[in-house]
Number of protein chains: 2
Amino acid sequence: MIVAVVRENFPGEQRVALVPGSVPNLIKAGATVLIEKGAGTAAGFPDQLYLDKGAQLIESRQEAFQKADVIFQVRSYGANPDAGKADLDFMKPGQIVIGMADPLGNLTAIQEVATRQARLFALEMIPRITRAQSMDVLSSQATIAGYRAVLLAAIHLPKMYPMLMTAAGTLSPARVFVIGAGVAGLQAIATAKRLGAVVTAYDVRPEAKEQIESLGAKCALLQLESEGAQDKGGYAKDLGEEFYTKQREFMGQICSESDVVITTAAIPGRKSPLLVTTDGIKRMAPGSVAIDLAAERGGNIEPSEPDQAVTLDGITILGPTNLASEIPNHASQMFSHNITKFLLNMVKDKQLHVNMDDEIVAGTIATSDGEVVNGRLREMLNLP
Amino acid sequence: MIVAVVRENFPGEQRVALVPGSVPNLIKAGATVLIEKGAGTAAGFPDQLYLDKGAQLIESRQEAFQKADVIFQVRSYGANPDAGKADLDFMKPGQIVIGMADPLGNLTAIQEVATRQARLFALEMIPRITRAQSMDVLSSQATIAGYRAVLLAAIHLPKMYPMLMTAAGTLSPARVFVIGAGVAGLQAIATAKRLGAVVTAYDVRPEAKEQIESLGAKCALLQLESEGAQDKGGYAKDLGEEFYTKQREFMGQICSESDVVITTAAIPGRKSPLLVTTDGIKRMAPGSVAIDLAAERGGNIEPSEPDQAVTLDGITILGPTNLASEIPNHASQMFSHNITKFLLNMVKDKQLHVNMDDEIVAGTIATSDGEVVNGRLREMLNLP
């Protein structure tokens, strides 16, 4: 079993799918590990560290696809639509490709991979079950993004976060409003609390209240909150337009009392719900900062633009789409842990077994034998 | 008594010397308060807020100097050598000018102000006595700088600060090394601790140990630490070259174990001591971040450059010289508190009294009646 790690080539991507610390685990499981030269450099893992752990270096991406049974990528084609397209030509029938592939957002790319007869595992589809927690890249990378969002807001805010009582008077603490209490939201709450901010958080799922309060934040409650706002994967479900209108009014009200707003409400594979309107944002004071972590798919904040800074009445609105990559060392370490666990789940007696009876394998595999094989994706494609 | 606040015109300066909240205190003391239009905008204080508090708006800088008995500035000429030079022509005999003026670093500017017969109070010279604590701009602005330095390092670091134990493995906390435990250093320690970093700190003054440890940081001790490393103002004194050589070796050793180094050792009016050599910095791992808060006067870190990012073997070295201005709202609020207290100390029965028997007044006044009058400055000029 040969596992190859390629250098990421999505613009600005600094992560690497495997860190040196994970190499011994793969070798122990019977793998030969090949690393494309320079793959870990941007994340702070020079080639020598991989060699020290028993990996071998290879010269090119092409060589990686040529030699490997398994390809490890952070962003596979689909999640890397431009530069990643060239990988299609390299893929071999039966070859296993593991990485993020944006299957729900870029189905066409999945179909193209199918024609290459590769077996693509799209890590975004890992089932949200206990046994798969250690493989869940969406969670691990969202942890980083939530932390980073708070720092980004702090750097743009003309105030300090903590309350300070000094000889030069008392500074009141910054008021941070976090919308969406998933992994990213909870980490944002925790980080803002650490830094001394007064934090309010909102989630459409009433179940989130306890988690929000356990972190020391105030939970904002919209009266008409409905039961069943959480799907079986633990994500917030799409509700109806009437509900969202009332929600947006409520959000605008809390925004008017906040120095920082961070929105984290993304629904997998769908356009992000609009939670804060332009009018809502304008209720913030000049100098306030809004960060939209859902900007990639339409955004939770109306005036946000993906990867741009928008200024409106002195309010800064940021829509970063790849925050985890900005803390590449730790993000890669977590990703590497996830992807290694995922592969090892398919290894038995040093041999690869793609066992479709395993809920994790069946939920994550996107393509095989020239077909889109994933049930959820076939449904979206109206295939039987 | 007419007090006028001018708009700062030092490049990048976003602070304002007086915030709306301080206006009523001045009015109650008998002052008329004039604000140059737009003076508070960059710090988040629009003109209307000043009007609401009873201040009057004026059109120009020239008008401010023409009408005022007292000028409030963050950066007076001296601390604003290019754009501030034009103020010389506006100054009137007897006019009081209060602001930072870099008296120990830019004596020539002080002499030029003297020829205008203005009475310049250089806030950097406020004596470090209990009664003057509420006026101490160096302390208040250093508080902001120390906080900001930690955020800046966090934004550049490819790791997170806190230790995280997640389903995707355990991330070890970032190791932050703070050199110099004055106001900026202590705030840097406190902020890094808040964010979850493991913090080590060093100060040449053995007295600092208790303060460092009270914030939860480890105090690094150099054996040959000498008594009397603190001057009567509470600042670290200059020691000898032999001592500094040993100190630098020790610093390099701790740097090699740190992800972030923040240096804050500035000696008023002198070139900053070189604490971390290029070799010392190079002992850090790639991806590490060094921030030199003393870069303006030569720097504590050999390869640092004022207001530039230097990259060396993958290590980022920043030398920001005006960090307080990057959190202009809170920095201005504190500065405003300081400068207002300072002026009110010279007001009795709604009248200004420049009482040279007051230690605070005598220590801070730089020029009067066409002369440099400050004892310390006269000494530097070899005047009797």
# chains A, B, ... in the order shown; residues from 1 in each chain; ligands from 1
$ interface_residues --of "chain B" --to "chain A" --cutoff "8 Å" --atoms "only C-alpha atoms" --output "VMD selection string"
chain B and resid 43 to 44 133 to 136 140 144 147 to 148 151 to 152 154 to 155 157 to 160 166 to 169 171 191 194 to 196 286 to 287 326 to 331 334 to 335 337 to 338
$ residues_around --residues "Cys255 (chain B)" --least-positions-apart "3" --cutoff "7 Å" --atoms "only C-alpha atoms" --output "list in words"
Met251, Gly252, Ser258, Val261, Gly280, Ile281, Arg283 and Met284 of chain B
$ residues_around --residues "Ala101 (chain A)" --least-positions-apart "4" --cutoff "9 Å" --atoms "only C-alpha atoms" --output "list of chain:residue names"
A:Val74, A:Arg75, A:Ser76, A:Tyr77, A:Gly78, A:Ala79, A:Asn80, A:Gly105, A:Asn106, A:Ala109, A:Ile110, A:Leu120, A:Phe121, A:Ala122, A:Leu123, A:Glu124
$ write_last_selection --atoms "C-alpha atoms" --output "PDB file, in the first residue's frame"
ATOM      1  CA  VAL A  74      -6.465  18.700   1.652  1.00  0.00           C
ATOM      2  CA  ARG A  75      -8.307  19.944  -1.425  1.00  0.00           C
ATOM      3  CA  SER A  76      -9.047  17.419  -4.079  1.00  0.00           C
ATOM      4  CA  TYR A  77     -10.584  18.423  -7.418  1.00  0.00           C
ATOM      5  CA  GLY A  78     -14.011  19.849  -6.616  1.00  0.00           C
ATOM      6  CA  ALA A  79     -12.695  21.823  -3.661  1.00  0.00           C
ATOM      7  CA  ASN A  80      -9.898  23.029  -5.963  1.00  0.00           C
ATOM      8  CA  GLY A 105     -21.456  22.113  -4.044  1.00  0.00           C
ATOM      9  CA  ASN A 106     -19.612  20.811  -7.075  1.00  0.00           C
ATOM     10  CA  ALA A 109     -16.472  17.647 -10.541  1.00  0.00           C
ATOM     11  CA  ILE A 110     -17.520  14.438  -8.791  1.00  0.00           C
ATOM     12  CA  LEU A 120     -12.882   9.368  -4.409  1.00  0.00           C
ATOM     13  CA  PHE A 121     -13.566   9.763  -0.708  1.00  0.00           C
ATOM     14  CA  ALA A 122     -14.992  13.211  -0.029  1.00  0.00           C
ATOM     15  CA  LEU A 123     -14.165  13.951   3.597  1.00  0.00           C
ATOM     16  CA  GLU A 124     -16.977  16.482   3.957  1.00  0.00           C
TER      17      GLU A 124
END
$ residues_around --residues "Lys92 (chain A)" --least-positions-apart "6" --cutoff "9 Å" --atoms "only C-alpha atoms" --output "list in words"
Phe65, Gln66, Asp69, Arg116, Gln117 and Ala118 of chain A
$ write_last_selection --atoms "all heavy atoms" --output "PDB file, in the first residue's frame"
ATOM      1  N   PHE A  65       0.693  10.505  -8.317  1.00  0.00           N
ATOM      2  CA  PHE A  65      -0.488   9.786  -8.828  1.00  0.00           C
ATOM      3  C   PHE A  65      -0.083   8.480  -9.533  1.00  0.00           C
ATOM      4  O   PHE A  65      -0.811   7.489  -9.482  1.00  0.00           O
ATOM      5  CB  PHE A  65      -1.281  10.678  -9.793  1.00  0.00           C
ATOM      6  CG  PHE A  65      -2.214  11.634  -9.083  1.00  0.00           C
ATOM      7  CD1 PHE A  65      -1.802  12.915  -8.746  1.00  0.00           C
ATOM      8  CD2 PHE A  65      -3.508  11.246  -8.752  1.00  0.00           C
ATOM      9  CE1 PHE A  65      -2.662  13.798  -8.094  1.00  0.00           C
ATOM     10  CE2 PHE A  65      -4.374  12.119  -8.099  1.00  0.00           C
ATOM     11  CZ  PHE A  65      -3.947  13.400  -7.764  1.00  0.00           C
ATOM     12  N   GLN A  66       1.090   8.520 -10.168  1.00  0.00           N
ATOM     13  CA  GLN A  66       1.563   7.345 -10.894  1.00  0.00           C
ATOM     14  C   GLN A  66       1.846   6.181  -9.946  1.00  0.00           C
ATOM     15  O   GLN A  66       1.489   5.043 -10.212  1.00  0.00           O
ATOM     16  CB  GLN A  66       2.864   7.736 -11.591  1.00  0.00           C
ATOM     17  CG  GLN A  66       3.136   7.068 -12.893  1.00  0.00           C
ATOM     18  CD  GLN A  66       4.252   7.839 -13.601  1.00  0.00           C
ATOM     19  OE1 GLN A  66       5.296   8.129 -13.007  1.00  0.00           O
ATOM     20  NE2 GLN A  66       4.031   8.170 -14.852  1.00  0.00           N
ATOM     21  N   ASP A  69      -1.274   4.053  -4.408  1.00  0.00           N
ATOM     22  CA  ASP A  69      -2.591   3.426  -4.310  1.00  0.00           C
ATOM     23  C   ASP A  69      -3.575   4.413  -3.698  1.00  0.00           C
ATOM     24  O   ASP A  69      -4.763   4.382  -3.981  1.00  0.00           O
ATOM     25  CB  ASP A  69      -2.510   2.186  -3.400  1.00  0.00           C
ATOM     26  CG  ASP A  69      -1.472   1.186  -3.907  1.00  0.00           C
ATOM     27  OD1 ASP A  69      -1.592   0.778  -5.074  1.00  0.00           O
ATOM     28  OD2 ASP A  69      -0.541   0.856  -3.133  1.00  0.00           O
ATOM     29  N   ARG A 116     -13.017   8.881 -14.469  1.00  0.00           N
ATOM     30  CA  ARG A 116     -11.621   8.432 -14.402  1.00  0.00           C
ATOM     31  C   ARG A 116     -11.516   7.105 -13.652  1.00  0.00           C
ATOM     32  O   ARG A 116     -10.420   6.576 -13.479  1.00  0.00           O
ATOM     33  CB  ARG A 116     -10.744   9.487 -13.707  1.00  0.00           C
ATOM     34  CG  ARG A 116     -10.695  10.834 -14.401  1.00  0.00           C
ATOM     35  CD  ARG A 116     -10.093  10.753 -15.769  1.00  0.00           C
ATOM     36  NE  ARG A 116      -8.747  10.167 -15.709  1.00  0.00           N
ATOM     37  CZ  ARG A 116      -8.074   9.671 -16.727  1.00  0.00           C
ATOM     38  NH1 ARG A 116      -8.629   9.654 -17.923  1.00  0.00           N
ATOM     39  NH2 ARG A 116      -6.874   9.181 -16.563  1.00  0.00           N
ATOM     40  N   GLN A 117     -12.632   6.600 -13.159  1.00  0.00           N
ATOM     41  CA  GLN A 117     -12.700   5.337 -12.428  1.00  0.00           C
ATOM     42  C   GLN A 117     -11.900   5.314 -11.132  1.00  0.00           C
ATOM     43  O   GLN A 117     -11.559   4.244 -10.618  1.00  0.00           O
ATOM     44  CB  GLN A 117     -12.278   4.171 -13.337  1.00  0.00           C
ATOM     45  CG  GLN A 117     -13.094   4.154 -14.620  1.00  0.00           C
ATOM     46  CD  GLN A 117     -13.000   2.823 -15.333  1.00  0.00           C
ATOM     47  OE1 GLN A 117     -12.933   1.768 -14.704  1.00  0.00           O
ATOM     48  NE2 GLN A 117     -13.004   2.874 -16.657  1.00  0.00           N
ATOM     49  N   ALA A 118     -11.585   6.509 -10.633  1.00  0.00           N
ATOM     50  CA  ALA A 118     -10.917   6.581  -9.324  1.00  0.00           C
ATOM     51  C   ALA A 118     -11.962   6.404  -8.233  1.00  0.00           C
ATOM     52  O   ALA A 118     -13.165   6.574  -8.476  1.00  0.00           O
ATOM     53  CB  ALA A 118     -10.229   7.931  -9.172  1.00  0.00           C
TER      54      ALA A 118
END
